Amino acid sequence: MIPAVRECIEQGGTVVTATRRLSRELRRQYDRAMVESGRAAWESADILPWGSWIRRCRDLGPGGYLADAPTVLTDSQLVLVWQDIIRDDVTRHHDGDSPLWNIEATARVAAGTLRLMREWCIDGDGLPPSRHPDHAGFRRWLSAYDRLCAERCWIDGHALADRLADTDLPAPGHPLVMAGFDTLTAQQQRFVERLVGRGGAVEVVPPRQGAFRDLPCHVLPTPEDQWRAAAAWALRRLDEDPDSRVAIVVPDLGSCREGLTAALMDSLAPGQVARPGVSRDLPFHVSLGDSLASHPVARSLMSLLGIFSRRHINLEQSESLLLSPWIAGHHEELARRARAALALRERLPWEHTVRDLSRGLGKLDCPHLCGLLERALALRNSLPARAPLAHWSVAMTGLADAFGWPGDGEALDSDQFQAWKSVREQVLGLGALELVSGNTGFARAAGLLGQLLESRTFQPEAGEARVQVLDIREASGLEFDHIWLADLIEERWPPVDVPDPFLPIPVQREAGCPGTDPGTDGQRAAIAHGRLAGSAAYLVQSRPEREGETPLIASPLVADCPRPAQAPEIAPTLFSGLGDPATRTDPVRDDRGPPHAGGQSHGGAGLIQRQSVCPRSAFLRDRLGARDHVFNRPGLDASSRGSLVHRTLERVWGRLEHSRALEAMDDSALEELILECIDQAARRYRATSSCGAGFFRAQREWLLETLCEWFGLERQRTRAFAVIGREQPVTLLLDGLELAFRIDRIDRFEDGSLALIDYKTGAGQSVEDWFHDRPREPQLPLYALSRECQGHAVSVVSYARVRLGECALAGFLDPARLGGEESLGAHPGLRVVPFRGPCADGDFSHWHRTLGALAREYLEGDARISPRGGGLCPDCPTPAFCRIPVNLPAGDREDRDG
Ligand code: SF4
């Protein structure tokens, strides 16, 4: 323990620390020292962080030291006050047309600016006039805030030190030591000077500095190597001396938390990698947790409350309620709830009410969940439209209890239990915001709870872990036997603090704020670095050399450090260890299933397509019956739009039958026919869709325009044809596998030969790809084989791209029958070229061979994970079964319809 600190405690003095963590650590050290000295009882040491000490100063003495006894706003209250001020300002100055994207986020930044001003003694009244809209806006908000505080007798916690310094606060009658401060802020300095001026005995203990510039710095090839080297080093230190205090310190823990934690798990707790979440009693502790809102316990509560915040919920929300493990009866009813979730996808429209959901569930076999939902609904219906936040806090607790949150399955583990307790505290704490908010509705109250959860960091309490992982700022004042200081690269160290956006930079620079002067920032970083060197008997430094292909530059603080003679040991990863013959592993082959008996299949042309693109996908889908259950979303998805086009064309050609009928029809009659067919084809979509008439009007216009363009192209075909097949069912026996599918359209020319046409409403088809051994779209080659087997002459095989602005035929023709390239018409959109490559002369034996091979693979039970294109599987219908997929977002699939 630092001698000055110990002395101060023994004299009954107070120790004020830079961080809460240091307070805890010093208290622990003191208690340990008392035990070691044989004491059975002792007075607790008076050690507390700066903010708590300032509040205590305010509270000392009768009525406190501030004559007007202002109410101190918490950080959450402060942000809420600023939200209201900013919203009000936006309404006044921008006629309610907000130029800000996010008022909540702006309020958080503005509250941070206020804190900065307090810490660096920037006087709001002394801010120079500025035409910058952000600076001018902030000044208006600040004036409104000051007025409001004066009217309501509020003060923010950051201003307390200034107010106290200006009163006749007496100096403490006992020694005061300040520990762990690399540098004092202007506000702290002023406060200390006032105390000293009034005769106080205040000692600021400077951080012990150590030399680091001559110490070696390891250069590891990549960040991952660096984390694994640090993990191996920590393991070795603990092996040498299990009681040693070990720390891994980095400049920015947020940026490397994941990689560093994974490496430490592999080295220090390998058994727990395979059993995540079973026990968190880890030998290392990573500080600076994530936001409480991101914890599954918090998310589950927010989604429960979310379903009562709006008039309508959607299928996704309903499904997450049904499958939530955080509500009562999950384990008992899991299978029934999962089946009900699938059934509801078809029975409920995309948007529905909670009452609809409850009715729907009533007809399915989920009595427990139905009962919970009914109970919660009754409670929700008894709530007022608007109420104070304290009321909503009680109501939310009631709703959570009605659902049995957080579930009754397995007991919560320690992390989950602590998270549940923290979330509950935040729900109860919602009432405290009432001070700064009037009556609100339920949705607003739930939104405020979300903000509270977002602003809280969740760090589960753990026993005293043997290896501490810390951010440099957090390590302030702590002492260890061994420190590994990692990630010393230019972009992280010294930290790149950016100036505050709401204050003019010269003002910030003059006040000495971080991020405004590289020289001062560098000095501060050097002090912190030296402090770390002085906090441990042994300091190891490291940096990675590159990230991916990008070289990383050394931090200027270690740029001249020598490289150690010996490279550090790099711990193997758990998976690299699996290749070791010493590791017993029993491989299980899953790339082949039982052979297919042959004959009839149910997969159609899609089966060959799936086998072609990835055998595993075909096996899952066509042998095991795996299905991708998709939501019935509002509107028409790409596949429904494609079907609508198919159905309409089928009807139009059903009426026209021959190209001569098309030729003879004038434009307005054709338009009328198309519209009639669109209406007939759209009837089934209208009956099941939750979209209104306006949506279908727009779809009708779009389709009419597209089909007018398409028939404009068809009119330019020079050879007469009769449409003899529309969605024509056919069967093909391919190397023992019977496939049944439909051909979109078959035209017959006057010489009796056929044109096989596949409609496409998306883009990106490639006719050259038909000659690949594993074609992406083998439908047309399969159509051709099926007709050839029946003894028909096929003279054209072509995609018909029916897409507004891009209508075209694209495929091959048999020049022996139809002549040259121009034979379907002179229009560029009719560019059907002579058969070439392996199918030159209209010989389809290549397709017999390649597609036949795919059929045989399927029959043999081939189930290899072998996606064509090397691992990107955007269209896989069964991604949940596979660990390889990199699925593109739904929006990127739009153009891949049929
Ligand atoms: S996700 Fe990819 S690799 Fe897995 S089955 Fe689907 S296509 Fe094949």
# chains A, B, ... in the order shown; residues from 1 in each chain; ligands from 1

call {"tool": "residues_around", "arguments": {"residues": "range 330-341 of chain A", "least_positions_apart": "5", "cutoff": "8 Å", "atoms": "only C-alpha atoms", "output": "MDAnalysis selection string"}}
result
chainID A and resid 318:319 322:325 361 364:366 368 407:409

call {"tool": "write_last_selection", "arguments": {"atoms": "N, CA and C atoms", "output": "PDB file, in the first residue's frame"}}
result
ATOM      1  N   SER A 318     -44.143 -11.219 -31.940  1.00  0.00           N
ATOM      2  CA  SER A 318     -44.957 -12.290 -31.367  1.00  0.00           C
ATOM      3  C   SER A 318     -44.131 -13.558 -31.209  1.00  0.00           C
ATOM      4  N   GLU A 319     -43.336 -13.832 -32.232  1.00  0.00           N
ATOM      5  CA  GLU A 319     -42.564 -15.073 -32.197  1.00  0.00           C
ATOM      6  C   GLU A 319     -41.504 -15.017 -31.097  1.00  0.00           C
ATOM      7  N   LEU A 322     -43.136 -15.904 -27.929  1.00  0.00           N
ATOM      8  CA  LEU A 322     -43.443 -17.330 -27.816  1.00  0.00           C
ATOM      9  C   LEU A 322     -42.207 -18.158 -27.474  1.00  0.00           C
ATOM     10  N   LEU A 323     -41.074 -17.746 -28.032  1.00  0.00           N
ATOM     11  CA  LEU A 323     -39.880 -18.576 -27.866  1.00  0.00           C
ATOM     12  C   LEU A 323     -38.966 -18.082 -26.745  1.00  0.00           C
ATOM     13  N   SER A 324     -39.397 -17.034 -26.046  1.00  0.00           N
ATOM     14  CA  SER A 324     -38.506 -16.460 -25.033  1.00  0.00           C
ATOM     15  C   SER A 324     -38.284 -17.424 -23.873  1.00  0.00           C
ATOM     16  N   PRO A 325     -37.008 -17.681 -23.525  1.00  0.00           N
ATOM     17  CA  PRO A 325     -36.756 -18.531 -22.355  1.00  0.00           C
ATOM     18  C   PRO A 325     -36.924 -17.762 -21.055  1.00  0.00           C
ATOM     19  N   LEU A 361     -53.422 -17.900 -30.103  1.00  0.00           N
ATOM     20  CA  LEU A 361     -52.807 -18.898 -29.223  1.00  0.00           C
ATOM     21  C   LEU A 361     -53.850 -19.777 -28.569  1.00  0.00           C
ATOM     22  N   LEU A 364     -54.455 -22.818 -30.315  1.00  0.00           N
ATOM     23  CA  LEU A 364     -53.315 -23.730 -30.402  1.00  0.00           C
ATOM     24  C   LEU A 364     -53.063 -24.280 -28.993  1.00  0.00           C
ATOM     25  N   ASP A 365     -52.154 -25.220 -28.930  1.00  0.00           N
ATOM     26  CA  ASP A 365     -52.048 -25.955 -27.681  1.00  0.00           C
ATOM     27  C   ASP A 365     -50.994 -25.366 -26.734  1.00  0.00           C
ATOM     28  N   CYS A 366     -51.226 -24.132 -26.264  1.00  0.00           N
ATOM     29  CA  CYS A 366     -50.258 -23.507 -25.354  1.00  0.00           C
ATOM     30  C   CYS A 366     -50.995 -22.896 -24.162  1.00  0.00           C
ATOM     31  N   HIS A 368     -50.459 -22.613 -20.965  1.00  0.00           N
ATOM     32  CA  HIS A 368     -49.725 -21.822 -19.970  1.00  0.00           C
ATOM     33  C   HIS A 368     -49.448 -20.418 -20.493  1.00  0.00           C
ATOM     34  N   GLY A 407     -38.392 -16.030 -16.061  1.00  0.00           N
ATOM     35  CA  GLY A 407     -38.513 -17.444 -16.430  1.00  0.00           C
ATOM     36  C   GLY A 407     -38.354 -18.369 -15.240  1.00  0.00           C
ATOM     37  N   ASP A 408     -38.716 -19.623 -15.458  1.00  0.00           N
ATOM     38  CA  ASP A 408     -38.685 -20.570 -14.346  1.00  0.00           C
ATOM     39  C   ASP A 408     -37.934 -21.838 -14.710  1.00  0.00           C
ATOM     40  N   GLY A 409     -37.144 -21.767 -15.766  1.00  0.00           N
ATOM     41  CA  GLY A 409     -36.414 -22.964 -16.195  1.00  0.00           C
ATOM     42  C   GLY A 409     -35.224 -23.199 -15.301  1.00  0.00           C
TER      43      GLY A 409
END

call {"tool": "select_by_dssp", "arguments": {"residues": "range 489-713 of chain A", "states": "strand (DSSP E)", "output": "PyMOL selection string"}}
result
chain A and resi 536-544+546-547+550-551+599-600

call {"tool": "write_last_selection", "arguments": {"atoms": "N, CA and C atoms", "output": "PDB file, in the first residue's frame"}}
result
ATOM      1  N   ALA A 536       4.445  -1.707 -11.302  1.00  0.00           N
ATOM      2  CA  ALA A 536       4.690  -3.149 -11.287  1.00  0.00           C
ATOM      3  C   ALA A 536       6.182  -3.415 -11.211  1.00  0.00           C
ATOM      4  N   ALA A 537       6.516  -4.543 -10.614  1.00  0.00           N
ATOM      5  CA  ALA A 537       7.932  -4.904 -10.558  1.00  0.00           C
ATOM      6  C   ALA A 537       8.440  -5.220 -11.961  1.00  0.00           C
ATOM      7  N   TYR A 538       7.565  -5.792 -12.787  1.00  0.00           N
ATOM      8  CA  TYR A 538       7.982  -6.159 -14.154  1.00  0.00           C
ATOM      9  C   TYR A 538       6.950  -5.637 -15.140  1.00  0.00           C
ATOM     10  N   LEU A 539       7.435  -4.946 -16.147  1.00  0.00           N
ATOM     11  CA  LEU A 539       6.522  -4.450 -17.193  1.00  0.00           C
ATOM     12  C   LEU A 539       6.946  -5.028 -18.535  1.00  0.00           C
ATOM     13  N   VAL A 540       5.990  -5.626 -19.250  1.00  0.00           N
ATOM     14  CA  VAL A 540       6.248  -6.109 -20.614  1.00  0.00           C
ATOM     15  C   VAL A 540       5.451  -5.201 -21.543  1.00  0.00           C
ATOM     16  N   GLN A 541       6.065  -4.785 -22.653  1.00  0.00           N
ATOM     17  CA  GLN A 541       5.350  -3.919 -23.608  1.00  0.00           C
ATOM     18  C   GLN A 541       5.242  -4.663 -24.941  1.00  0.00           C
ATOM     19  N   SER A 542       4.153  -4.387 -25.666  1.00  0.00           N
ATOM     20  CA  SER A 542       4.026  -5.044 -26.976  1.00  0.00           C
ATOM     21  C   SER A 542       3.166  -4.225 -27.918  1.00  0.00           C
ATOM     22  N   ARG A 543       3.314  -4.552 -29.185  1.00  0.00           N
ATOM     23  CA  ARG A 543       2.453  -3.957 -30.215  1.00  0.00           C
ATOM     24  C   ARG A 543       2.349  -4.929 -31.378  1.00  0.00           C
ATOM     25  N   PRO A 544       1.228  -4.904 -32.095  1.00  0.00           N
ATOM     26  CA  PRO A 544       1.135  -5.734 -33.299  1.00  0.00           C
ATOM     27  C   PRO A 544       1.739  -4.993 -34.480  1.00  0.00           C
ATOM     28  N   ARG A 546       0.840  -5.557 -37.892  1.00  0.00           N
ATOM     29  CA  ARG A 546      -0.119  -5.259 -38.957  1.00  0.00           C
ATOM     30  C   ARG A 546      -1.477  -5.852 -38.600  1.00  0.00           C
ATOM     31  N   GLU A 547      -2.485  -5.318 -39.230  1.00  0.00           N
ATOM     32  CA  GLU A 547      -3.821  -5.874 -39.069  1.00  0.00           C
ATOM     33  C   GLU A 547      -4.314  -6.204 -40.468  1.00  0.00           C
ATOM     34  N   THR A 550      -2.959  -4.228 -43.482  1.00  0.00           N
ATOM     35  CA  THR A 550      -2.571  -2.860 -43.118  1.00  0.00           C
ATOM     36  C   THR A 550      -1.451  -2.852 -42.100  1.00  0.00           C
ATOM     37  N   PRO A 551      -0.314  -2.197 -42.432  1.00  0.00           N
ATOM     38  CA  PRO A 551       0.754  -2.101 -41.434  1.00  0.00           C
ATOM     39  C   PRO A 551       0.351  -1.157 -40.306  1.00  0.00           C
ATOM     40  N   GLY A 599     -35.772 -43.344 -58.781  1.00  0.00           N
ATOM     41  CA  GLY A 599     -37.168 -43.131 -59.177  1.00  0.00           C
ATOM     42  C   GLY A 599     -37.642 -41.743 -58.825  1.00  0.00           C
ATOM     43  N   GLN A 600     -38.905 -41.668 -58.392  1.00  0.00           N
ATOM     44  CA  GLN A 600     -39.551 -40.371 -58.232  1.00  0.00           C
ATOM     45  C   GLN A 600     -38.914 -39.516 -57.123  1.00  0.00           C
TER      46      GLN A 600
END

call {"tool": "residues_around", "arguments": {"residues": "Val202 in chain A", "least_positions_apart": "2", "cutoff": "7 Å", "atoms": "only C-alpha atoms", "output": "ChimeraX atom specification"}}
result
/A:175-177,196,200,204

call {"tool": "write_last_selection", "arguments": {"atoms": "C-alpha atoms", "output": "PDB file, in the first residue's frame"}}
result
ATOM      1  CA  PRO A 175      -5.618  14.731   6.834  1.00  0.00           C
ATOM      2  CA  LEU A 176      -6.810  14.264   3.302  1.00  0.00           C
ATOM      3  CA  VAL A 177      -4.900  12.317   0.672  1.00  0.00           C
ATOM      4  CA  VAL A 196      -5.549  24.406   1.585  1.00  0.00           C
ATOM      5  CA  GLY A 200      -6.669  22.030   5.320  1.00  0.00           C
ATOM      6  CA  VAL A 204      -1.978  14.937  -3.598  1.00  0.00           C
TER       7      VAL A 204
END

call {"tool": "closest_residue", "arguments": {"among": "A:His218, A:Arg444, A:His158, A:Arg589", "to": "Gly306 in chain A", "atoms": "only C-alpha atoms"}}
result
A:Arg444

call {"tool": "residues_around", "arguments": {"residues": "range 239-242 of chain A", "least_positions_apart": "3", "cutoff": "12 Å", "atoms": "only C-alpha atoms", "output": "number ranges by chain"}}
result
A: 232-236, 245-246, 268, 283, 465-467, 481-482

call {"tool": "write_last_selection", "arguments": {"atoms": "C-alpha atoms", "output": "CSV table (one decimal), in the first residue's frame"}}
result
chain,number,residue,atom,x,y,z
A,232,ALA,CA,0.5,-17.5,-22.5
A,233,TRP,CA,2.6,-15.0,-20.5
A,234,ALA,CA,-0.2,-14.6,-17.9
A,235,LEU,CA,-0.5,-18.4,-17.6
A,236,ARG,CA,3.2,-18.7,-17.1
A,245,ARG,CA,-0.9,-10.1,-9.1
A,246,VAL,CA,-1.0,-10.0,-12.9
A,268,LEU,CA,-6.7,-19.9,-18.8
A,283,PRO,CA,-9.4,-17.0,-13.4
A,465,ALA,CA,-9.6,-12.9,-10.2
A,466,ARG,CA,-5.9,-13.7,-10.6
A,467,VAL,CA,-5.5,-11.9,-13.9
A,481,ASP,CA,3.6,-7.7,-9.7
A,482,HIS,CA,3.5,-8.1,-13.5

call {"tool": "atom_distance", "arguments": {"atom1": "CA of Gly692 in chain A", "atom2": "CA of Pro634 in chain A"}}
result
10.0 Å

call {"tool": "atom_distance", "arguments": {"atom1": "CA of Val250 in chain A", "atom2": "CA of Ala111 in chain A"}}
result
27.5 Å

call {"tool": "residues_around", "arguments": {"residues": "range 13-17 of chain A", "least_positions_apart": "5", "cutoff": "9 Å", "atoms": "only C-alpha atoms", "output": "list in words"}}
result
Val5, Glu7, Cys8, Leu22, Ser23, Ala45, Asp46, Ile47, Leu48, Pro49, Trp50, Ser52, Trp53, Pro172, Gly173, His174, Pro175, Leu176, Val177, Met178, Ala179, Gly180, Phe181 and Gly477 of chain A
